[in-house]
>>> print(open('my_file18.cif').read())   # mmCIF, C-alpha atoms
data_model
#
loop_
_atom_site.group_PDB
_atom_site.id
_atom_site.type_symbol
_atom_site.label_atom_id
_atom_site.label_comp_id
_atom_site.auth_asym_id
_atom_site.auth_seq_id
_atom_site.Cartn_x
_atom_site.Cartn_y
_atom_site.Cartn_z
ATOM 1 C CA MET A 1074 -0.622 -4.064 62.040
ATOM 2 C CA GLN A 1075 -0.554 -0.492 60.771
ATOM 3 C CA PHE A 1076 3.188 -0.878 60.148
ATOM 4 C CA LEU A 1077 2.596 -4.049 58.074
ATOM 5 C CA LYS A 1078 -0.066 -2.319 56.004
ATOM 6 C CA GLN A 1079 2.306 0.551 55.269
ATOM 7 C CA LYS A 1080 5.097 -1.871 54.278
ATOM 8 C CA LEU A 1081 2.765 -3.841 52.005
ATOM 9 C CA ALA A 1082 1.465 -0.716 50.349
ATOM 10 C CA GLY A 1083 5.000 0.487 49.794
ATOM 11 C CA SER A 1084 6.044 -2.823 48.281
ATOM 12 C CA LEU A 1085 3.086 -2.913 45.900
ATOM 13 C CA SER A 1086 3.740 0.661 44.906
ATOM 14 C CA GLY A 1087 7.351 -0.224 44.156
ATOM 15 C CA VAL A 1088 6.351 -3.237 42.101
ATOM 16 C CA PHE A 1089 3.896 -1.099 40.143
ATOM 17 C CA VAL A 1090 6.571 1.505 39.376
ATOM 18 C CA VAL A 1091 9.053 -1.159 38.256
ATOM 19 C CA LEU A 1092 6.431 -2.853 36.073
ATOM 20 C CA MET A 1093 5.489 0.411 34.386
ATOM 21 C CA CYS A 1094 9.149 1.157 33.691
ATOM 22 C CA LEU A 1095 9.587 -2.260 32.122
ATOM 23 C CA LEU A 1096 6.553 -1.711 29.945
ATOM 24 C CA VAL A 1097 7.800 1.668 28.757
ATOM 25 C CA LEU A 1098 11.251 0.281 28.023
ATOM 26 C CA GLY A 1099 9.783 -2.683 26.168
ATOM 27 C CA ALA A 1100 11.081 -5.355 28.509
ATOM 28 C CA VAL A 1101 7.548 -6.649 29.048
ATOM 29 C CA PRO A 1102 5.361 -7.173 25.937
ATOM 30 C CA MET A 1103 2.172 -5.124 25.957
ATOM 31 C CA GLN A 1104 -0.710 -6.072 23.669
ATOM 32 C CA ALA A 1105 -1.717 -3.229 21.337
ATOM 33 C CA ALA A 1106 -5.152 -1.819 21.994
ATOM 34 C CA GLY A 1107 -7.877 -3.449 19.930
ATOM 35 C CA PHE A 1108 -6.066 -6.714 19.286
ATOM 36 C CA PRO A 1109 -6.650 -9.483 18.572
ATOM 37 C CA VAL A 1110 -9.182 -8.651 15.857
ATOM 38 C CA VAL A 1111 -11.139 -10.747 13.375
ATOM 39 C CA ILE A 1112 -11.717 -9.047 10.025
ATOM 40 C CA VAL A 1113 -13.826 -10.124 7.059
ATOM 41 C CA ASP A 1114 -11.759 -9.196 4.019
ATOM 42 C CA GLY A 1115 -12.686 -8.406 0.423
ATOM 43 C CA LEU A 1116 -12.923 -12.082 -0.454
ATOM 44 C CA GLY A 1117 -15.308 -12.836 2.410
ATOM 45 C CA ARG A 1118 -12.667 -14.640 4.472
ATOM 46 C CA GLU A 1119 -12.358 -14.229 8.233
ATOM 47 C CA ILE A 1120 -8.816 -13.135 9.067
ATOM 48 C CA ARG A 1121 -7.635 -13.218 12.688
ATOM 49 C CA ILE A 1122 -4.848 -10.777 13.511
ATOM 50 C CA GLY A 1123 -3.340 -11.401 16.932
ATOM 51 C CA GLN A 1124 -1.386 -8.172 17.328
ATOM 52 C CA ALA A 1125 -0.621 -5.010 15.404
ATOM 53 C CA PRO A 1126 1.489 -6.160 12.426
ATOM 54 C CA GLN A 1127 4.953 -4.619 12.214
ATOM 55 C CA ARG A 1128 6.167 -6.062 8.895
ATOM 56 C CA LEU A 1129 3.784 -5.382 6.009
ATOM 57 C CA ILE A 1130 3.967 -6.391 2.359
ATOM 58 C CA ALA A 1131 1.778 -4.670 -0.254
ATOM 59 C CA LEU A 1132 0.849 -6.696 -3.332
ATOM 60 C CA ALA A 1133 -0.480 -3.745 -5.358
ATOM 61 C CA PRO A 1134 0.647 -0.131 -5.898
ATOM 62 C CA SER A 1135 -2.697 1.074 -4.532
ATOM 63 C CA VAL A 1136 -2.186 -0.903 -1.319
ATOM 64 C CA THR A 1137 1.311 0.542 -0.948
ATOM 65 C CA GLU A 1138 -0.111 4.026 -1.312
ATOM 66 C CA ASN A 1139 -2.875 3.336 1.201
ATOM 67 C CA LEU A 1140 -0.450 2.064 3.828
ATOM 68 C CA TYR A 1141 1.643 5.205 3.464
ATOM 69 C CA ALA A 1142 -1.506 7.322 3.694
ATOM 70 C CA LEU A 1143 -2.127 5.717 7.092
ATOM 71 C CA GLY A 1144 1.390 6.638 8.227
ATOM 72 C CA LEU A 1145 2.626 3.033 8.054
ATOM 73 C CA GLY A 1146 5.479 3.491 5.599
ATOM 74 C CA ASP A 1147 8.063 2.525 8.201
ATOM 75 C CA ARG A 1148 6.337 -0.850 8.654
ATOM 76 C CA VAL A 1149 6.267 -1.661 4.925
ATOM 77 C CA VAL A 1150 9.052 -4.141 4.159
ATOM 78 C CA GLY A 1151 8.099 -5.060 0.581
ATOM 79 C CA VAL A 1152 5.992 -3.754 -2.281
ATOM 80 C CA SER A 1153 4.823 -4.824 -5.714
ATOM 81 C CA ASP A 1154 6.278 -3.440 -8.910
ATOM 82 C CA TYR A 1155 5.063 0.024 -10.026
ATOM 83 C CA SER A 1156 4.655 1.175 -6.407
ATOM 84 C CA ASN A 1157 5.775 4.696 -7.244
ATOM 85 C CA TYR A 1158 3.725 6.784 -4.822
ATOM 86 C CA PRO A 1159 4.722 8.249 -2.515
ATOM 87 C CA PRO A 1160 8.244 8.508 -4.001
ATOM 88 C CA GLU A 1161 9.888 6.932 -0.944
ATOM 89 C CA ALA A 1162 7.950 3.721 -1.627
ATOM 90 C CA GLN A 1163 10.300 3.148 -4.574
ATOM 91 C CA GLU A 1164 13.094 2.441 -2.103
ATOM 92 C CA LYS A 1165 11.342 -0.661 -0.751
ATOM 93 C CA PRO A 1166 12.245 -4.191 -1.933
ATOM 94 C CA ILE A 1167 10.166 -5.407 -4.893
ATOM 95 C CA ILE A 1168 8.432 -8.740 -4.360
ATOM 96 C CA GLY A 1169 6.950 -9.138 -7.853
ATOM 97 C CA ASP A 1170 3.950 -7.847 -9.751
ATOM 98 C CA ALA A 1171 0.268 -8.684 -10.075
ATOM 99 C CA LEU A 1172 0.942 -11.857 -12.046
ATOM 100 C CA HIS A 1173 4.220 -13.121 -10.637
ATOM 101 C CA LEU A 1174 5.313 -13.078 -7.005
ATOM 102 C CA ASN A 1175 8.792 -13.859 -5.741
ATOM 103 C CA PHE A 1176 7.800 -16.178 -2.905
ATOM 104 C CA GLU A 1177 11.404 -16.701 -1.823
ATOM 105 C CA GLN A 1178 11.867 -12.945 -1.405
ATOM 106 C CA ILE A 1179 8.595 -12.698 0.499
ATOM 107 C CA LEU A 1180 9.725 -15.393 2.941
ATOM 108 C CA ILE A 1181 13.066 -13.642 3.451
ATOM 109 C CA LEU A 1182 11.233 -10.427 4.388
ATOM 110 C CA GLU A 1183 9.301 -12.280 7.136
ATOM 111 C CA PRO A 1184 6.006 -10.361 6.878
ATOM 112 C CA ASP A 1185 3.396 -10.688 9.585
ATOM 113 C CA LEU A 1186 0.676 -9.427 7.214
ATOM 114 C CA ILE A 1187 0.427 -9.367 3.414
ATOM 115 C CA ILE A 1188 -2.205 -7.085 1.883
ATOM 116 C CA GLY A 1189 -3.415 -7.235 -1.700
ATOM 117 C CA ASP A 1190 -6.171 -6.213 -4.062
ATOM 118 C CA ALA A 1191 -8.754 -9.004 -4.114
ATOM 119 C CA GLN A 1192 -8.916 -9.220 -7.900
ATOM 120 C CA LEU A 1193 -5.146 -9.598 -8.187
ATOM 121 C CA VAL A 1194 -4.278 -11.601 -5.094
ATOM 122 C CA ARG A 1195 -6.864 -14.367 -5.366
ATOM 123 C CA THR A 1196 -4.600 -16.406 -7.672
ATOM 124 C CA HIS A 1197 -1.798 -16.343 -5.093
ATOM 125 C CA ILE A 1198 -3.753 -16.975 -1.896
ATOM 126 C CA GLN A 1199 -3.456 -20.772 -1.931
ATOM 127 C CA LYS A 1200 0.326 -20.646 -2.275
ATOM 128 C CA LEU A 1201 0.662 -17.962 0.406
ATOM 129 C CA ASP A 1202 -1.564 -20.018 2.727
ATOM 130 C CA GLU A 1203 0.613 -23.079 2.132
ATOM 131 C CA LEU A 1204 3.635 -21.027 3.175
ATOM 132 C CA GLY A 1205 1.839 -19.986 6.356
ATOM 133 C CA LEU A 1206 1.716 -16.317 5.370
ATOM 134 C CA PRO A 1207 -1.324 -14.287 6.493
ATOM 135 C CA VAL A 1208 -3.067 -12.485 3.624
ATOM 136 C CA LEU A 1209 -5.691 -9.753 3.760
ATOM 137 C CA ALA A 1210 -7.563 -8.773 0.566
ATOM 138 C CA ILE A 1211 -9.410 -5.518 -0.080
ATOM 139 C CA ASP A 1212 -11.895 -5.090 -2.911
ATOM 140 C CA PRO A 1213 -13.251 -1.531 -3.251
ATOM 141 C CA ALA A 1214 -15.380 -0.917 -6.350
ATOM 142 C CA ASN A 1215 -16.264 2.758 -5.896
ATOM 143 C CA VAL A 1216 -15.193 5.863 -3.989
ATOM 144 C CA HIS A 1217 -17.197 5.084 -0.851
ATOM 145 C CA GLU A 1218 -15.883 1.525 -0.790
ATOM 146 C CA VAL A 1219 -12.354 2.942 -0.911
ATOM 147 C CA MET A 1220 -13.231 4.774 2.296
ATOM 148 C CA ASP A 1221 -14.485 1.520 3.821
ATOM 149 C CA ALA A 1222 -11.267 -0.211 2.735
ATOM 150 C CA MET A 1223 -9.194 2.463 4.448
ATOM 151 C CA LEU A 1224 -11.095 1.900 7.672
ATOM 152 C CA LEU A 1225 -10.605 -1.857 7.342
ATOM 153 C CA LEU A 1226 -6.855 -1.377 6.823
ATOM 154 C CA GLY A 1227 -6.787 0.877 9.857
ATOM 155 C CA GLU A 1228 -8.441 -1.785 11.966
ATOM 156 C CA ALA A 1229 -6.123 -4.514 10.678
ATOM 157 C CA THR A 1230 -2.965 -2.510 11.400
ATOM 158 C CA GLY A 1231 -3.918 -0.634 14.554
ATOM 159 C CA ALA A 1232 -4.097 2.683 12.680
ATOM 160 C CA GLN A 1233 -7.801 3.337 13.291
ATOM 161 C CA GLU A 1234 -7.402 7.018 14.158
ATOM 162 C CA GLU A 1235 -5.290 7.706 11.083
ATOM 163 C CA ALA A 1236 -7.824 5.867 8.903
ATOM 164 C CA GLN A 1237 -10.684 7.917 10.312
ATOM 165 C CA GLU A 1238 -8.775 11.119 9.588
ATOM 166 C CA VAL A 1239 -8.042 10.046 6.004
ATOM 167 C CA VAL A 1240 -11.682 9.126 5.405
ATOM 168 C CA ALA A 1241 -12.900 12.388 6.919
ATOM 169 C CA GLU A 1242 -10.658 14.314 4.501
ATOM 170 C CA MET A 1243 -11.989 12.292 1.566
ATOM 171 C CA LYS A 1244 -15.579 12.976 2.606
ATOM 172 C CA ASP A 1245 -14.839 16.695 2.908
ATOM 173 C CA LYS A 1246 -13.515 16.779 -0.668
ATOM 174 C CA VAL A 1247 -16.484 14.850 -2.046
ATOM 175 C CA ARG A 1248 -18.842 17.173 -0.169
ATOM 176 C CA PHE A 1249 -16.956 20.223 -1.492
ATOM 177 C CA VAL A 1250 -17.527 19.070 -5.074
ATOM 178 C CA GLN A 1251 -21.148 18.109 -4.493
ATOM 179 C CA ASP A 1252 -21.895 21.517 -2.993
ATOM 180 C CA ALA A 1253 -20.500 23.092 -6.158
ATOM 181 C CA VAL A 1254 -21.983 20.897 -8.908
ATOM 182 C CA GLY A 1255 -24.634 18.733 -7.256
ATOM 183 C CA GLY A 1256 -27.487 20.967 -8.402
ATOM 184 C CA LEU A 1257 -26.620 20.929 -12.098
ATOM 185 C CA SER A 1258 -29.397 20.129 -14.535
ATOM 186 C CA GLU A 1259 -28.914 17.257 -16.969
ATOM 187 C CA GLU A 1260 -28.288 19.620 -19.893
ATOM 188 C CA ASP A 1261 -25.606 21.461 -17.916
ATOM 189 C CA ARG A 1262 -23.683 18.249 -17.262
ATOM 190 C CA LEU A 1263 -20.915 18.194 -19.865
ATOM 191 C CA LEU A 1264 -20.418 15.190 -22.127
ATOM 192 C CA VAL A 1265 -16.935 13.762 -21.530
ATOM 193 C CA PHE A 1266 -14.855 11.366 -23.600
ATOM 194 C CA VAL A 1267 -11.874 9.750 -21.875
ATOM 195 C CA GLU A 1268 -9.146 8.513 -24.188
ATOM 196 C CA ILE A 1269 -7.167 5.806 -22.428
ATOM 197 C CA TRP A 1270 -5.190 4.812 -25.520
ATOM 198 C CA ASP A 1271 -5.105 5.865 -29.150
ATOM 199 C CA GLU A 1272 -4.239 2.742 -31.190
ATOM 200 C CA PRO A 1273 -6.586 1.077 -30.795
ATOM 201 C CA LEU A 1274 -8.801 3.817 -29.427
ATOM 202 C CA MET A 1275 -9.801 2.838 -25.887
ATOM 203 C CA THR A 1276 -12.006 4.450 -23.265
ATOM 204 C CA CYS A 1277 -13.710 3.770 -19.945
ATOM 205 C CA GLY A 1278 -17.268 2.590 -19.463
ATOM 206 C CA PRO A 1279 -19.621 1.571 -16.662
ATOM 207 C CA GLY A 1280 -17.948 0.024 -13.651
ATOM 208 C CA SER A 1281 -14.816 2.153 -13.971
ATOM 209 C CA PHE A 1282 -13.730 4.696 -11.389
ATOM 210 C CA MET A 1283 -13.425 7.233 -14.199
ATOM 211 C CA GLN A 1284 -17.138 7.026 -14.983
ATOM 212 C CA GLU A 1285 -18.049 7.457 -11.318
ATOM 213 C CA LEU A 1286 -15.762 10.465 -10.994
ATOM 214 C CA ILE A 1287 -17.157 12.041 -14.168
ATOM 215 C CA GLU A 1288 -20.691 11.747 -12.820
ATOM 216 C CA LEU A 1289 -19.754 13.063 -9.361
ATOM 217 C CA ALA A 1290 -17.896 15.971 -11.002
ATOM 218 C CA GLY A 1291 -20.950 17.117 -12.931
ATOM 219 C CA GLY A 1292 -20.399 15.337 -16.221
ATOM 220 C CA ARG A 1293 -21.751 12.501 -18.367
ATOM 221 C CA ASN A 1294 -19.538 9.763 -19.739
ATOM 222 C CA LEU A 1295 -19.818 9.540 -23.529
ATOM 223 C CA ALA A 1296 -19.248 5.765 -23.294
ATOM 224 C CA ALA A 1297 -21.665 5.141 -20.427
ATOM 225 C CA ASP A 1298 -23.382 2.473 -22.547
ATOM 226 C CA ALA A 1299 -20.165 0.597 -23.356
ATOM 227 C CA PRO A 1300 -20.126 -3.144 -22.607
ATOM 228 C CA GLY A 1301 -17.387 -2.937 -19.977
ATOM 229 C CA ALA A 1302 -15.180 -0.790 -17.790
ATOM 230 C CA TRP A 1303 -12.261 -0.601 -20.257
ATOM 231 C CA VAL A 1304 -13.153 -1.029 -23.934
ATOM 232 C CA GLU A 1305 -12.107 -0.328 -27.493
ATOM 233 C CA TYR A 1306 -14.231 2.424 -29.004
ATOM 234 C CA SER A 1307 -15.202 3.752 -32.401
ATOM 235 C CA SER A 1308 -13.620 7.032 -33.491
ATOM 236 C CA GLU A 1309 -16.642 7.675 -35.683
ATOM 237 C CA LEU A 1310 -18.941 7.316 -32.684
ATOM 238 C CA VAL A 1311 -16.904 9.881 -30.760
ATOM 239 C CA VAL A 1312 -17.393 12.320 -33.639
ATOM 240 C CA GLU A 1313 -21.103 11.520 -33.814
ATOM 241 C CA ARG A 1314 -21.682 12.006 -30.085
ATOM 242 C CA ASP A 1315 -19.649 15.250 -30.065
ATOM 243 C CA PRO A 1316 -18.162 15.505 -26.534
ATOM 244 C CA ASP A 1317 -17.811 18.848 -24.737
ATOM 245 C CA VAL A 1318 -14.545 17.757 -23.099
ATOM 246 C CA ILE A 1319 -11.917 15.170 -24.021
ATOM 247 C CA LEU A 1320 -9.680 13.824 -21.250
ATOM 248 C CA LEU A 1321 -6.377 12.169 -22.142
ATOM 249 C CA THR A 1322 -4.396 9.852 -19.898
ATOM 250 C CA TRP A 1323 -1.259 10.647 -21.905
ATOM 251 C CA PRO A 1324 0.086 14.138 -22.751
ATOM 252 C CA TYR A 1325 -0.556 14.290 -26.500
ATOM 253 C CA GLU A 1326 -3.121 17.079 -26.720
ATOM 254 C CA GLU A 1327 -1.622 18.496 -29.921
ATOM 255 C CA GLU A 1328 -1.955 15.188 -31.763
ATOM 256 C CA VAL A 1329 -5.627 14.921 -30.782
ATOM 257 C CA MET A 1330 -6.318 18.559 -31.671
ATOM 258 C CA ASN A 1331 -4.848 17.965 -35.146
ATOM 259 C CA ARG A 1332 -6.818 14.809 -36.009
ATOM 260 C CA THR A 1333 -8.472 15.608 -39.311
ATOM 261 C CA ALA A 1334 -11.572 13.539 -38.606
ATOM 262 C CA TRP A 1335 -12.130 15.214 -35.228
ATOM 263 C CA GLN A 1336 -12.149 18.846 -36.316
ATOM 264 C CA THR A 1337 -15.950 19.098 -35.978
ATOM 265 C CA ILE A 1338 -15.960 17.906 -32.354
ATOM 266 C CA LYS A 1339 -16.984 20.620 -29.895
ATOM 267 C CA ALA A 1340 -14.150 19.831 -27.464
ATOM 268 C CA VAL A 1341 -11.573 20.207 -30.239
ATOM 269 C CA LYS A 1342 -13.077 23.410 -31.623
ATOM 270 C CA GLN A 1343 -13.188 24.968 -28.137
ATOM 271 C CA GLY A 1344 -9.783 23.712 -27.049
ATOM 272 C CA ARG A 1345 -11.135 21.578 -24.230
ATOM 273 C CA VAL A 1346 -8.754 18.646 -24.720
ATOM 274 C CA VAL A 1347 -7.049 18.083 -21.376
ATOM 275 C CA ALA A 1348 -4.280 15.678 -20.331
ATOM 276 C CA ILE A 1349 -4.502 14.360 -16.774
ATOM 277 C CA ASP A 1350 -2.255 12.279 -14.542
ATOM 278 C CA SER A 1351 -4.232 9.047 -14.730
ATOM 279 C CA GLU A 1352 -2.952 7.368 -11.554
ATOM 280 C CA PRO A 1353 -5.064 9.323 -9.046
ATOM 281 C CA PHE A 1354 -8.127 8.642 -11.214
ATOM 282 C CA VAL A 1355 -7.780 4.865 -11.340
ATOM 283 C CA ARG A 1356 -5.995 3.753 -8.173
ATOM 284 C CA THR A 1357 -8.176 2.751 -5.247
ATOM 285 C CA THR A 1358 -6.597 5.244 -2.851
ATOM 286 C CA PRO A 1359 -7.498 8.499 -1.068
ATOM 287 C CA ARG A 1360 -6.181 10.382 -4.116
ATOM 288 C CA LEU A 1361 -9.456 9.526 -5.846
ATOM 289 C CA ALA A 1362 -10.966 12.388 -3.860
ATOM 290 C CA ASP A 1363 -8.231 14.726 -5.111
ATOM 291 C CA ALA A 1364 -8.897 13.525 -8.659
ATOM 292 C CA LEU A 1365 -12.579 14.320 -8.191
ATOM 293 C CA VAL A 1366 -11.797 17.903 -7.186
ATOM 294 C CA GLU A 1367 -9.416 18.289 -10.137
ATOM 295 C CA LEU A 1368 -11.967 16.918 -12.590
ATOM 296 C CA ALA A 1369 -14.802 19.085 -11.294
ATOM 297 C CA LYS A 1370 -12.627 22.162 -11.770
ATOM 298 C CA ILE A 1371 -11.808 21.062 -15.325
ATOM 299 C CA LEU A 1372 -15.472 20.581 -16.229
ATOM 300 C CA HIS A 1373 -16.975 23.508 -14.314
ATOM 301 C CA PRO A 1374 -14.246 26.064 -13.490
ATOM 302 C CA GLU A 1375 -16.869 28.763 -13.114
ATOM 303 C CA ARG A 1376 -18.213 27.061 -9.988
ATOM 304 C CA PHE A 1377 -14.925 27.149 -8.072
#
>>> encode(input="my_file18.cif", output="structure tokens")
Amino acid sequence: MQFLKQKLAGSLSGVFVVLMCLLVLGAVPMQAAGFPVVIVDGLGREIRIGQAPQRLIALAPSVTENLYALGLGDRVVGVSDYSNYPPEAQEKPIIGDALHLNFEQILILEPDLIIGDAQLVRTHIQKLDELGLPVLAIDPANVHEVMDAMLLLGEATGAQEEAQEVVAEMKDKVRFVQDAVGGLSEEDRLLVFVEIWDEPLMTCGPGSFMQELIELAGGRNLAADAPGAWVEYSSELVVERDPDVILLTWPYEEEVMNRTAWQTIKAVKQGRVVAIDSEPFVRTTPRLADALVELAKILHPERF
């Protein structure tokens, strides 16, 4: 009997070793930890994901950037037009833009998960559903919701740890800025005008990421009472309200500084007309936290 027990134990041990080798070599499929998962996306839909997706398509430049931030660039098989960050994303096949998708190209790429911005992807969802393609939408409306979206993407792709690290870094940067400027009085918060375009003159209002970043960075948006997030604006009203700082999303500081009608504006007189790279300020990605740090240093360099 003792001999039989030893033989049985040896056989089971051998089977266990062989099975583990097969798993390591990939001969036996092993379900990724945490899957399947059911996720409620930005459009309120329940999305079931059976296993960690290996072929991802991003339907917005911000989504492309977020997937790379989670270390998933090697799984991205297609991106939307204007996906220019990080630079290696430009090497991926283009599947269309926000308004027009190349459904034939998408089918050729055989994605197991398509991810898009809710506001842009909602017009394509019915067609993608008809083609049997799984779609996940994200819909962040402020900095903290971007963090939530990163965590959701991490859960959907099996990159939870990476998502938590990215969010922790974002929180550290927000906290860094708040420690520096959070105690400012209302009169010490600089009045900021953001020029998105010059002809016609356009700026950002409530509901825009730019306004949120201005407020978090210790400023006040000159167009905080505008009727929308992105609006045409009166040049005369800019002069009347007299901003302390003017931010430009295009590098034409000299042209603004030389505007005859703007020579009485405080920002022009003091040379506080600053061109910024607009992408980090408007894309719903972790770079919003970097933009916040940059903006706070522009408005209140003495506090850093």
>>> residues_around(input="my_file18.cif", residues="Thr1337 in chain A", least_positions_apart="4", cutoff="12 Å", atoms="all atoms listed in the file", output="ChimeraX atom specification")
/A:1309,1311-1317,1330-1333,1341-1344
>>> write_last_selection(input="my_file18.cif", atoms="C-alpha atoms", output="compact mmCIF listing (two decimals), keeping the file's coordinate frame")
# COMPACT_ATOMS: atom_id res chain seq x y z
CA GLU A 1309 -16.64 7.68 -35.68
CA VAL A 1311 -16.90 9.88 -30.76
CA VAL A 1312 -17.39 12.32 -33.64
CA GLU A 1313 -21.10 11.52 -33.81
CA ARG A 1314 -21.68 12.01 -30.08
CA ASP A 1315 -19.65 15.25 -30.06
CA PRO A 1316 -18.16 15.50 -26.53
CA ASP A 1317 -17.81 18.85 -24.74
CA MET A 1330 -6.32 18.56 -31.67
CA ASN A 1331 -4.85 17.96 -35.15
CA ARG A 1332 -6.82 14.81 -36.01
CA THR A 1333 -8.47 15.61 -39.31
CA VAL A 1341 -11.57 20.21 -30.24
CA LYS A 1342 -13.08 23.41 -31.62
CA GLN A 1343 -13.19 24.97 -28.14
CA GLY A 1344 -9.78 23.71 -27.05
>>> closest_residue(input="my_file18.cif", among="A:Glu1328, A:Glu1288, A:Asp1298, A:Asp1154", to="Gln1251 in chain A", atoms="all atoms listed in the file")
A:Glu1288
>>> residues_near_point(input="my_file18.cif", point="(-12.7, 7.6, -3.1)", cutoff="6 Å", atoms="only C-alpha atoms", output="PyMOL selection string")
chain A and resi 1216-1217+1219+1359+1361-1362
>>> atom_distance(input="my_file18.cif", atom1="CA of Val1136 in chain A", atom2="CA of Ile1188 in chain A")
7.0 Å
>>> axis_aligned_box(input="my_file18.cif", around="range 1301-1311 of chain A", padding_each_side="3 Å", output="AutoDock Vina command-line options")
--center_x -15.5 --center_y 3.5 --center_z -26.7 --size_x 12.8 --size_y 18.8 --size_z 23.9
>>> closest_residue(input="my_file18.cif", among="A:Val1150, A:Arg1293, A:Leu1132, A:Gly1227", to="Ser1258 in chain A", atoms="only C-alpha atoms")
A:Arg1293
>>> closest_residue(input="my_file18.cif", among="A:Leu1204, A:Leu1186, A:Ala1131, A:Ile1211", to="Arg1118 in chain A", atoms="all atoms listed in the file")
A:Ile1211
>>> resolve_selection(input="my_file18.cif", expression="the PyMOL selection byres ((chain A and resi 1270-1286) around 8)", output="PyMOL selection string")
chain A and resi 1214-1216+1266-1269+1287-1290+1293-1294+1296-1308+1322-1323+1354-1355+1364-1365+1368
>>> residues_near_point(input="my_file18.cif", point="(-1.9, -16.5, 0.0)", cutoff="12 Å", atoms="all atoms listed in the file", output="number ranges by chain")
A: 1116, 1118, 1120, 1130, 1132, 1174, 1176, 1179, 1186-1191, 1193-1210
>>> closest_residue(input="my_file18.cif", among="A:Ala1222, A:Ala1162, A:Val1152, A:Ala1125", to="Thr1357 in chain A", atoms="only C-alpha atoms")
A:Ala1222
>>> closest_residue(input="my_file18.cif", among="A:Ile1181, A:Leu1257, A:Val1318, A:Ile1167", to="Thr1137 in chain A", atoms="only C-alpha atoms")
A:Ile1167
>>> atom_distance(input="my_file18.cif", atom1="CA of Phe1249 in chain A", atom2="CA of Gly1115 in chain A")
29.0 Å
>>> atom_distance(input="my_file18.cif", atom1="CA of Val1250 in chain A", atom2="CA of Gln1237 in chain A")
20.2 Å
>>> build_atoms(input="my_file18.cif", residues="range 1292-1305 of chain A", atoms="N, CA and C atoms", output="CSV table (one decimal), in the coordinates of the input")
chain,number,residue,atom,x,y,z
A,1292,GLY,N,-20.5,15.7,-14.8
A,1292,GLY,CA,-20.4,15.3,-16.2
A,1292,GLY,C,-21.2,14.1,-16.6
A,1293,ARG,N,-21.1,13.7,-17.9
A,1293,ARG,CA,-21.8,12.5,-18.4
A,1293,ARG,C,-20.7,11.8,-19.2
A,1294,ASN,N,-20.5,10.5,-19.0
A,1294,ASN,CA,-19.5,9.8,-19.7
A,1294,ASN,C,-20.1,9.4,-21.1
A,1295,LEU,N,-19.4,9.8,-22.2
A,1295,LEU,CA,-19.8,9.5,-23.5
A,1295,LEU,C,-20.0,8.0,-23.8
A,1296,ALA,N,-19.2,7.2,-23.1
A,1296,ALA,CA,-19.2,5.8,-23.3
A,1296,ALA,C,-20.0,5.1,-22.1
A,1297,ALA,N,-20.9,5.7,-21.6
A,1297,ALA,CA,-21.7,5.1,-20.4
A,1297,ALA,C,-22.4,3.9,-20.8
A,1298,ASP,N,-22.7,3.7,-22.1
A,1298,ASP,CA,-23.4,2.5,-22.5
A,1298,ASP,C,-22.4,1.4,-23.1
A,1299,ALA,N,-21.2,1.6,-22.9
A,1299,ALA,CA,-20.2,0.6,-23.4
A,1299,ALA,C,-20.4,-0.7,-22.6
A,1300,PRO,N,-19.9,-1.8,-23.2
A,1300,PRO,CA,-20.1,-3.1,-22.6
A,1300,PRO,C,-19.2,-3.5,-21.4
A,1301,GLY,N,-18.3,-2.6,-21.1
A,1301,GLY,CA,-17.4,-2.9,-20.0
A,1301,GLY,C,-16.7,-1.7,-19.5
A,1302,ALA,N,-15.9,-1.9,-18.4
A,1302,ALA,CA,-15.2,-0.8,-17.8
A,1302,ALA,C,-14.1,-0.2,-18.7
A,1303,TRP,N,-13.4,-1.1,-19.4
A,1303,TRP,CA,-12.3,-0.6,-20.3
A,1303,TRP,C,-12.4,-1.3,-21.6
A,1304,VAL,N,-12.7,-0.5,-22.7
A,1304,VAL,CA,-13.2,-1.0,-23.9
A,1304,VAL,C,-12.5,-0.3,-25.1
A,1305,GLU,N,-12.4,-1.0,-26.2
A,1305,GLU,CA,-12.1,-0.3,-27.5
A,1305,GLU,C,-13.3,0.4,-27.9
